[in-house]
$ cat my_file.pdb   # PDB, C-alpha atoms and all ligand atoms
ATOM      1  CA  MET G   1       0.000   0.000   0.000
ATOM      2  CA  LYS G   2       1.243   3.513  -0.841
ATOM      3  CA  CYS G   3       1.464   6.357   1.682
ATOM      4  CA  LEU G   4      -1.570   8.651   1.477
ATOM      5  CA  ALA G   5       0.754  11.678   1.381
ATOM      6  CA  CYS G   6       3.552  10.553  -0.970
ATOM      7  CA  GLU G   7       4.755   7.746  -3.220
ATOM      8  CA  GLU G   8       6.570   5.809  -0.465
ATOM      9  CA  SER G   9       5.248   2.521   0.899
ATOM     10  CA  ALA G  10       3.031   2.775   3.954
ATOM     11  CA  ILE G  11       4.351   1.151   7.132
ATOM     12  CA  GLN G  12       2.595  -1.420   9.248
ATOM     13  CA  VAL G  13       2.858   0.701  12.384
ATOM     14  CA  MET G  14       0.766   3.436  10.822
ATOM     15  CA  PRO G  15      -1.335   2.024   7.987
ATOM     16  CA  GLY G  16      -1.786   4.634   5.278
ATOM     17  CA  LEU G  17       1.427   6.561   6.019
ATOM     18  CA  CYS G  18       5.135   6.088   5.327
ATOM     19  CA  ALA G  19       7.620   6.455   8.197
ATOM     20  CA  HIS G  20       8.330  10.113   7.330
ATOM     21  CA  HIS G  21       4.660  11.116   7.349
ATOM     22  CA  ALA G  22       3.926   8.983  10.413
ATOM     23  CA  ILE G  23       6.497  11.064  12.291
ATOM     24  CA  ILE G  24       4.813  14.259  11.108
ATOM     25  CA  TRP G  25       1.449  12.819  12.158
ATOM     26  CA  LEU G  26       2.754  12.088  15.667
ATOM     27  CA  GLU G  27       4.040  15.628  16.130
ATOM     28  CA  ARG G  28       0.806  17.163  14.800
ATOM     29  CA  THR G  29      -1.293  14.925  17.025
ATOM     30  CA  ALA G  30       0.685  15.850  20.145
ATOM     31  CA  ARG G  31       0.445  19.550  19.269
ATOM     32  CA  ALA G  32      -3.286  19.281  18.608
ATOM     33  CA  THR G  33      -3.851  17.481  21.926
ATOM     34  CA  ILE G  34      -1.999  20.241  23.792
ATOM     35  CA  ARG G  35      -4.048  22.899  21.996
ATOM     36  CA  ASN G  36      -7.475  21.217  21.994
ATOM     37  CA  TYR G  37      -7.405  20.319  25.685
ATOM     38  CA  ASN G  38      -5.530  23.425  26.835
ATOM     39  CA  LEU G  39      -2.856  21.241  28.420
ATOM     40  CA  LEU G  40      -0.115  23.882  28.634
ATOM     41  CA  ARG G  41      -0.367  27.646  29.030
ATOM     42  CA  PRO G  42       2.272  30.309  28.350
ATOM     43  CA  GLY G  43       4.751  30.900  31.150
ATOM     44  CA  GLU G  44       3.895  27.770  33.092
ATOM     45  CA  ARG G  45       6.558  25.674  34.807
ATOM     46  CA  VAL G  46       6.339  22.217  33.234
ATOM     47  CA  LEU G  47       7.756  19.110  34.842
ATOM     48  CA  VAL G  48       8.048  15.877  32.821
ATOM     49  CA  ALA G  49       7.851  12.576  34.690
ATOM     50  CA  ALA G  50      10.740  10.837  32.936
ATOM     51  CA  SER G  51      11.978   7.270  33.067
ATOM     52  CA  GLY G  52      14.484   6.928  30.255
ATOM     53  CA  GLY G  53      11.880   4.967  28.288
ATOM     54  CA  LYS G  54      10.648   5.837  24.816
ATOM     55  CA  ASP G  55       7.408   7.562  25.889
ATOM     56  CA  SER G  56       8.673  10.116  28.371
ATOM     57  CA  THR G  57      11.827  10.709  26.331
ATOM     58  CA  THR G  58       9.727  11.431  23.238
ATOM     59  CA  LEU G  59       7.483  13.705  25.302
ATOM     60  CA  ALA G  60      10.403  15.719  26.720
ATOM     61  CA  TYR G  61      11.898  16.064  23.248
ATOM     62  CA  LEU G  62       8.601  17.250  21.761
ATOM     63  CA  LEU G  63       7.902  19.782  24.503
ATOM     64  CA  GLN G  64      11.349  21.267  24.000
ATOM     65  CA  LYS G  65      10.798  21.260  20.227
ATOM     66  CA  PHE G  66       7.432  23.010  20.691
ATOM     67  CA  GLY G  67       9.116  25.831  22.613
ATOM     68  CA  TYR G  68       8.439  24.874  26.224
ATOM     69  CA  ALA G  69      11.200  24.556  28.823
ATOM     70  CA  PRO G  70      10.522  21.153  30.379
ATOM     71  CA  GLU G  71      12.303  20.101  33.546
ATOM     72  CA  LEU G  72      12.642  16.361  33.974
ATOM     73  CA  VAL G  73      12.156  14.389  37.158
ATOM     74  CA  ALA G  74      12.784  10.656  37.436
ATOM     75  CA  VAL G  75      12.156   8.140  40.180
ATOM     76  CA  ASP G  76      14.721   5.461  41.008
ATOM     77  CA  GLU G  77      12.648   2.713  42.603
ATOM     78  CA  GLY G  78      15.662   0.491  43.133
ATOM     79  CA  ILE G  79      14.969  -2.279  40.602
ATOM     80  CA  ALA G  80      18.321  -3.942  39.984
ATOM     81  CA  GLY G  81      19.215  -4.823  36.410
ATOM     82  CA  TYR G  82      16.631  -2.427  35.019
ATOM     83  CA  ARG G  83      16.362   1.065  36.427
ATOM     84  CA  GLU G  84      20.085   1.806  36.435
ATOM     85  CA  HIS G  85      20.086   1.219  32.658
ATOM     86  CA  THR G  86      17.100   3.440  31.922
ATOM     87  CA  LEU G  87      18.516   6.200  34.156
ATOM     88  CA  ARG G  88      21.844   5.991  32.324
ATOM     89  CA  ASP G  89      19.940   6.462  29.028
ATOM     90  CA  LEU G  90      17.969   9.340  30.496
ATOM     91  CA  ARG G  91      21.069  11.148  31.731
ATOM     92  CA  ALA G  92      22.643  10.778  28.275
ATOM     93  CA  PHE G  93      19.502  12.197  26.628
ATOM     94  CA  CYS G  94      19.385  15.143  29.048
ATOM     95  CA  ARG G  95      23.058  15.923  28.456
ATOM     96  CA  THR G  96      22.571  15.901  24.663
ATOM     97  CA  HIS G  97      19.471  18.095  24.803
ATOM     98  CA  ARG G  98      20.615  20.275  27.722
ATOM     99  CA  LEU G  99      17.567  19.477  29.800
ATOM    100  CA  PRO G 100      17.576  19.688  33.609
ATOM    101  CA  LEU G 101      17.054  16.370  35.402
ATOM    102  CA  ARG G 102      16.347  15.544  39.016
ATOM    103  CA  VAL G 103      16.329  11.939  40.277
ATOM    104  CA  LEU G 104      14.446  10.971  43.452
ATOM    105  CA  SER G 105      15.020   7.546  44.924
ATOM    106  CA  PHE G 106      12.878   5.208  46.990
ATOM    107  CA  ARG G 107      15.966   4.537  49.098
ATOM    108  CA  ASP G 108      16.215   8.197  50.152
ATOM    109  CA  LYS G 109      12.525   9.089  50.284
ATOM    110  CA  VAL G 110      10.864   5.851  51.379
ATOM    111  CA  GLY G 111      13.793   4.347  53.242
ATOM    112  CA  GLN G 112      13.842   1.174  51.164
ATOM    113  CA  THR G 113      14.396   0.133  47.545
ATOM    114  CA  LEU G 114      11.557  -1.656  45.761
ATOM    115  CA  ASP G 115      13.761  -4.749  45.571
ATOM    116  CA  GLY G 116      14.283  -4.582  49.330
ATOM    117  CA  MET G 117      10.581  -4.274  50.241
ATOM    118  CA  GLU G 118       8.465  -7.127  51.510
ATOM    119  CA  HIS G 119       5.639  -7.693  49.014
ATOM    120  CA  ALA G 120       3.843 -10.576  50.770
ATOM    121  CA  GLY G 121       3.262 -12.436  47.509
ATOM    122  CA  ARG G 122       1.652  -9.453  45.776
ATOM    123  CA  PRO G 123       3.112  -7.991  42.555
ATOM    124  CA  PRO G 124       5.580  -5.206  43.457
ATOM    125  CA  CYS G 125       3.689  -2.851  41.112
ATOM    126  CA  SER G 126       1.216  -1.946  43.830
ATOM    127  CA  ALA G 127       3.778  -0.460  46.257
ATOM    128  CA  CYS G 128       5.796   0.864  43.321
ATOM    129  CA  GLY G 129       2.846   2.836  41.943
ATOM    130  CA  ILE G 130       1.873   4.251  45.338
ATOM    131  CA  PHE G 131       5.348   5.542  46.228
ATOM    132  CA  ARG G 132       6.113   6.648  42.711
ATOM    133  CA  ARG G 133       2.978   8.824  42.674
ATOM    134  CA  GLN G 134       3.896  10.220  46.065
ATOM    135  CA  LEU G 135       7.421  11.156  44.999
ATOM    136  CA  LEU G 136       6.233  12.722  41.773
ATOM    137  CA  ALA G 137       3.580  14.733  43.614
ATOM    138  CA  GLU G 138       6.278  15.968  45.985
ATOM    139  CA  ALA G 139       8.595  16.831  43.081
ATOM    140  CA  ALA G 140       5.805  18.708  41.333
ATOM    141  CA  ARG G 141       5.188  21.084  44.251
ATOM    142  CA  GLY G 142       5.892  24.518  42.866
ATOM    143  CA  ALA G 143       5.349  23.398  39.268
ATOM    144  CA  ASP G 144       2.179  24.247  37.356
ATOM    145  CA  VAL G 145       2.041  21.090  35.288
ATOM    146  CA  LEU G 146       3.227  17.505  35.535
ATOM    147  CA  ALA G 147       3.358  15.970  32.046
ATOM    148  CA  THR G 148       3.494  12.206  31.580
ATOM    149  CA  GLY G 149       4.265  10.106  28.511
ATOM    150  CA  HIS G 150       1.120   7.949  28.570
ATOM    151  CA  ASN G 151       0.225   6.866  25.046
ATOM    152  CA  LEU G 152      -2.984   5.576  23.453
ATOM    153  CA  ASP G 153      -2.266   1.960  24.412
ATOM    154  CA  ASP G 154      -1.636   2.945  28.045
ATOM    155  CA  MET G 155      -4.904   4.834  28.131
ATOM    156  CA  ALA G 156      -6.935   2.000  26.587
ATOM    157  CA  GLN G 157      -5.491  -0.270  29.302
ATOM    158  CA  THR G 158      -6.285   2.201  32.081
ATOM    159  CA  ILE G 159      -9.873   2.682  30.923
ATOM    160  CA  LEU G 160     -10.446  -1.077  30.792
ATOM    161  CA  LEU G 161      -8.670  -1.575  34.138
ATOM    162  CA  ASN G 162     -10.889   0.982  35.847
ATOM    163  CA  ILE G 163     -13.989  -0.702  34.425
ATOM    164  CA  THR G 164     -12.968  -4.237  35.331
ATOM    165  CA  LEU G 165     -11.801  -3.275  38.845
ATOM    166  CA  GLY G 166     -14.808  -1.028  39.498
ATOM    167  CA  HIS G 167     -12.663   2.060  40.113
ATOM    168  CA  VAL G 168     -15.479   4.592  39.861
ATOM    169  CA  ARG G 169     -13.633   7.535  41.446
ATOM    170  CA  GLU G 170     -10.675   7.127  39.122
ATOM    171  CA  PHE G 171     -12.758   6.557  36.007
ATOM    172  CA  TRP G 172     -13.333  10.178  35.012
ATOM    173  CA  ARG G 173      -9.835  11.249  36.027
ATOM    174  CA  THR G 174      -7.986   9.588  33.158
ATOM    175  CA  GLY G 175      -8.627  12.080  30.383
ATOM    176  CA  PRO G 176      -5.885  14.069  28.623
ATOM    177  CA  VAL G 177      -5.859  16.499  31.564
ATOM    178  CA  ALA G 178      -6.670  16.087  35.265
ATOM    179  CA  GLU G 179      -6.930  18.931  37.758
ATOM    180  CA  LEU G 180      -6.843  17.824  41.380
ATOM    181  CA  PRO G 181      -6.859  20.227  44.333
ATOM    182  CA  GLY G 182      -3.414  20.772  45.813
ATOM    183  CA  LEU G 183      -1.563  19.103  42.935
ATOM    184  CA  ALA G 184       0.068  20.286  39.721
ATOM    185  CA  ARG G 185      -2.186  19.785  36.681
ATOM    186  CA  ARG G 186      -1.567  16.340  35.116
ATOM    187  CA  VAL G 187      -1.371  16.338  31.331
ATOM    188  CA  LYS G 188      -0.819  13.644  28.697
ATOM    189  CA  PRO G 189       0.163  15.122  25.318
ATOM    190  CA  LEU G 190       0.717  11.641  23.755
ATOM    191  CA  TYR G 191      -2.795  10.516  24.728
ATOM    192  CA  PHE G 192      -3.870   9.771  21.149
ATOM    193  CA  VAL G 193      -0.558   8.404  19.832
ATOM    194  CA  PRO G 194      -0.277   4.595  19.485
ATOM    195  CA  GLU G 195       2.566   2.977  21.390
ATOM    196  CA  LYS G 196       4.107   1.463  18.266
ATOM    197  CA  LEU G 197       4.362   4.890  16.698
ATOM    198  CA  VAL G 198       6.116   6.342  19.758
ATOM    199  CA  ARG G 199       8.567   3.442  19.537
ATOM    200  CA  LEU G 200       9.208   4.209  15.870
ATOM    201  CA  TYR G 201       9.644   7.914  16.628
ATOM    202  CA  ALA G 202      12.168   7.238  19.429
ATOM    203  CA  HIS G 203      14.048   4.843  17.178
ATOM    204  CA  MET G 204      14.146   7.214  14.201
ATOM    205  CA  LYS G 205      15.255  10.133  16.367
ATOM    206  CA  GLY G 206      18.053   7.991  17.809
ATOM    207  CA  PHE G 207      17.051   8.478  21.433
ATOM    208  CA  PRO G 208      19.219   6.394  23.778
ATOM    209  CA  CYS G 209      16.353   4.170  24.946
ATOM    210  CA  ALA G 210      17.134   0.517  25.655
ATOM    211  CA  PHE G 211      13.457  -0.423  25.061
ATOM    212  CA  ALA G 212      13.806  -2.593  28.172
ATOM    213  CA  GLU G 213      10.829  -3.716  30.219
ATOM    214  CA  CYS G 214      10.737  -3.792  34.005
ATOM    215  CA  PRO G 215      11.258  -7.399  35.206
ATOM    216  CA  HIS G 216       8.053  -7.092  37.267
ATOM    217  CA  ALA G 217       5.861  -5.807  34.422
ATOM    218  CA  GLY G 218       4.574  -9.240  33.397
ATOM    219  CA  ARG G 219       3.177  -9.971  36.888
ATOM    220  CA  SER G 220       0.706  -7.096  37.085
ATOM    221  CA  PHE G 221      -3.001  -7.105  36.296
ATOM    222  CA  ARG G 222      -2.226  -4.347  33.809
ATOM    223  CA  ALA G 223      -0.067  -6.826  31.879
ATOM    224  CA  ALA G 224      -3.022  -9.204  31.621
ATOM    225  CA  VAL G 225      -5.256  -6.363  30.379
ATOM    226  CA  ARG G 226      -2.534  -5.273  27.938
ATOM    227  CA  ASP G 227      -2.266  -8.768  26.481
ATOM    228  CA  ALA G 228      -6.033  -9.111  26.185
ATOM    229  CA  LEU G 229      -6.319  -5.737  24.475
ATOM    230  CA  ASN G 230      -3.467  -6.565  22.088
ATOM    231  CA  ALA G 231      -5.198  -9.797  21.094
ATOM    232  CA  TYR G 232      -8.477  -7.939  20.582
ATOM    233  CA  GLU G 233      -6.755  -5.222  18.556
ATOM    234  CA  HIS G 234      -5.121  -7.883  16.402
ATOM    235  CA  ALA G 235      -8.521  -9.369  15.574
ATOM    236  CA  ASN G 236     -10.253  -5.957  15.387
ATOM    237  CA  PRO G 237      -7.816  -3.284  14.148
ATOM    238  CA  GLY G 238      -8.688   0.120  15.563
ATOM    239  CA  ALA G 239     -10.330  -1.261  18.719
ATOM    240  CA  LYS G 240      -8.002   0.591  21.111
ATOM    241  CA  ARG G 241      -8.523   3.886  19.342
ATOM    242  CA  ALA G 242     -12.294   3.330  19.381
ATOM    243  CA  LEU G 243     -12.235   2.608  23.136
ATOM    244  CA  VAL G 244     -10.192   5.733  23.896
ATOM    245  CA  SER G 245     -12.347   7.904  21.598
ATOM    246  CA  TRP G 246     -15.512   6.610  23.244
ATOM    247  CA  TYR G 247     -14.062   7.351  26.687
ATOM    248  CA  VAL G 248     -12.932  10.884  25.819
ATOM    249  CA  ALA G 249     -16.357  11.748  24.387
ATOM    250  CA  GLN G 250     -17.939  10.698  27.720
ATOM    251  CA  TRP G 251     -15.160  12.242  29.808
ATOM    252  CA  ALA G 252     -15.778  15.677  28.313
ATOM    253  CA  ALA G 253     -19.271  15.648  29.809
ATOM    254  CA  HIS G 254     -18.476  13.899  33.110
ATOM    255  CA  ARG G 255     -14.982  15.022  34.092
ATOM    256  CA  GLY G 256     -16.151  17.181  37.002
ATOM    257  CA  GLU G 257     -18.467  14.589  38.517
ATOM    258  CA  THR G 258     -16.053  12.735  40.745
ATOM    259  CA  ALA G 259     -14.021  15.626  42.111
ATOM    260  CA  PRO G 260     -12.009  14.343  45.069
ATOM    261  CA  SER G 261     -12.538  15.654  48.559
ATOM    262  CA  PRO G 262     -10.016  18.334  49.555
ATOM    263  CA  ARG G 263      -8.980  16.128  52.527
ATOM    264  CA  ARG G 264      -5.309  15.762  53.445
ATOM    265  CA  CYS G 265      -3.464  12.791  54.873
ATOM    266  CA  ALA G 266      -3.271  13.118  58.672
ATOM    267  CA  GLN G 267       0.316  11.843  58.636
ATOM    268  CA  CYS G 268       2.103  13.374  55.654
ATOM    269  CA  GLY G 269      -0.266  16.171  54.593
ATOM    270  CA  ALA G 270      -0.538  14.997  50.967
ATOM    271  CA  PRO G 271      -3.963  15.179  49.260
ATOM    272  CA  ALA G 272      -5.803  11.957  50.118
ATOM    273  CA  SER G 273      -9.215  10.382  49.694
ATOM    274  CA  GLN G 274      -8.910   8.642  53.100
ATOM    275  CA  PRO G 275      -7.850  10.054  56.515
ATOM    276  CA  VAL G 276      -4.399   8.460  55.967
ATOM    277  CA  CYS G 277      -3.033   8.172  52.407
ATOM    278  CA  ARG G 278      -2.108   4.778  50.934
ATOM    279  CA  ALA G 279       1.599   5.615  50.891
ATOM    280  CA  CYS G 280       1.592   6.149  54.666
ATOM    281  CA  VAL G 281      -0.473   2.977  55.202
ATOM    282  CA  VAL G 282       1.951   0.878  53.126
ATOM    283  CA  ARG G 283       4.979   2.529  54.711
ATOM    284  CA  ALA G 284       3.663   1.748  58.207
ATOM    285  CA  ALA G 285       3.227  -1.910  57.238
ATOM    286  CA  MET G 286       6.794  -2.219  55.951
TER
HETATM  287 FE1  LIG O 301       7.064  -0.408  39.083
HETATM  288 FE2  LIG O 301       5.558  -2.445  38.204
HETATM  289 FE3  LIG O 301       6.216  -0.433  36.564
HETATM  290 FE4  LIG O 301       8.059  -2.184  37.375
HETATM  291  S1  LIG O 301       6.254  -2.622  36.090
HETATM  292  S2  LIG O 301       8.300   0.061  37.279
HETATM  293  S3  LIG O 301       7.392  -2.594  39.466
HETATM  294  S4  LIG O 301       4.913  -0.284  38.387
END

$ encode --input "my_file.pdb" --output "structure tokens" --more "lines below"
Ligand code: SF4
Amino acid sequence: MKCLACEESAIQVMPGLCAHHAIIWLERTARATIRNYNLLRPGERVLVAASGGKDSTTLAYLLQKFGYAPELVAVDEGIAGYREHTLRDLRAFCRTHRLPLRVLSFRDKVGQTLDGMEHAGRPPCSACGIFRRQLLAEAARGADVLATGHNLDDMAQTILLNITLGHVREFWRTGPVAELPGLARRVKPLYFVPEKLVRLYAHMKGFPCAFAECPHAGRSFRAAVRDALNAYEHANPGAKRALVSWYVAQWAAHRGETAPSPRRCAQCGAPASQPVCRACVVRAAM
């Protein structure tokens, strides 16, 4: 099949477009998402939650290309054989692009690496997600916006996860932008970009991403949802995009309905839906 925009062959990652025009499409889509959902405003201090992976690296690169001045913050959970490699890639990227980077570690902030925590048979992702969110929220104090590299595949998984787990409060908070009291605005400029296309973009731009996966990733419920969605997408091309489009159309009308209470954790003072936040509960049990 020929590219819709030129005489080159279309690529499998982006049916209908060659690699060159797929790259242009990605950049236009990210720009349009920022504009259409008012994700970023002039003069705002923008923090990017970076990992050294393809998504957040692509996001930081694009924000800089679009004229913003992103500051990067990364979390070192302490996952041996994995995180040290992605952080090495991230530092190399930041040096090349002259971007500021701050790394917060579980060891310093939580008192324990993820590898060193007791998980009582549960996948480590639960504690990892809780502390990671806490550290990022702390890092984002003083910033206007916290941008994350979530892509279309991530969002399709999150929507399905929230449905299957009955997470009603979270359901309307996973749009392209989320405004929660006491926290920097959360934005996702790559919301409508398929994961495979981000991978292609990172590869073509020569970003130093190892494309490694966390050794714990396969044990999470998200991994099961991801695999199920991939199988469904294979049989029904476009299913993920349709799910995300359906969600966003509903989200636009419902996004204010599950506003969280302005309560704060009695122990650490962070915004919390319960008297004591989950990070403090997990920390106390460690
Ligand atoms: Fe943390 Fe799980 Fe992600 Fe690994 S896969 S970084 S343990 S949330």

$ residues_near_ligand --input "my_file.pdb" --ligand "ligand LIG 301 (chain O)" --cutoff "6 Å" --atoms "all atoms listed in the file" --output "NGL selection string"
:G and (124-125 or 128-129 or 214 or 216-217)

$ write_last_selection --input "my_file.pdb" --atoms "C-alpha atoms" --output "PDB file, in the frame of the given file"
ATOM      1  CA  PRO G 124       5.580  -5.206  43.457  1.00  0.00           C
ATOM      2  CA  CYS G 125       3.689  -2.851  41.112  1.00  0.00           C
ATOM      3  CA  CYS G 128       5.796   0.864  43.321  1.00  0.00           C
ATOM      4  CA  GLY G 129       2.846   2.836  41.943  1.00  0.00           C
ATOM      5  CA  CYS G 214      10.737  -3.792  34.005  1.00  0.00           C
ATOM      6  CA  HIS G 216       8.053  -7.092  37.267  1.00  0.00           C
ATOM      7  CA  ALA G 217       5.861  -5.807  34.422  1.00  0.00           C
TER       8      ALA G 217
END

$ atom_distance --input "my_file.pdb" --atom1 "atom CA of Thr29 of chain G" --atom2 "atom CA of Pro237 of chain G"
19.6 Å

$ resolve_selection --input "my_file.pdb" --expression "the PyMOL selection byres (((chain G and resi 123) around 12) and not hetatm)" --output "list in words"
Leu114, Asp115, Met117, Glu118, His119, Ala120, Gly121, Arg122, Pro124, Cys125, Ser126, Ala127, Cys128, Gly129, Pro215, His216, Ala217, Gly218, Arg219, Ser220, Phe221, Arg222 and Ala223 of chain G

$ closest_residue --input "my_file.pdb" --among "G:Met286, G:Leu160, G:Cys268, G:Leu63" --to "Val48 of chain G" --atoms "only C-alpha atoms"
G:Leu63

$ resolve_selection --input "my_file.pdb" --expression "the PyMOL selection byres (((chain G and resi 65-70) around 12) and not hetatm)" --output "JSON, numbers by chain"
{"G": [27, 28, 30, 31, 32, 34, 35, 40, 41, 42, 43, 44, 45, 46, 47, 48, 49, 50, 56, 57, 58, 59, 60, 61, 62, 63, 64, 71, 72, 73, 94, 97, 98, 99, 100, 101, 102, 143, 144, 145, 146, 147, 148, 189]}

$ atom_distance --input "my_file.pdb" --atom1 "atom CA of Val282 of chain G" --atom2 "atom CA of Arg132 of chain G"
12.6 Å

$ resolve_selection --input "my_file.pdb" --expression "the PyMOL selection byres (((chain G and resi 264) around 10) and not hetatm)" --output "ChimeraX atom specification"
/G:182,261-263,265-277

$ atom_distance --input "my_file.pdb" --atom1 "atom CA of Ala184 of chain G" --atom2 "atom CA of Leu39 of chain G"
11.7 Å
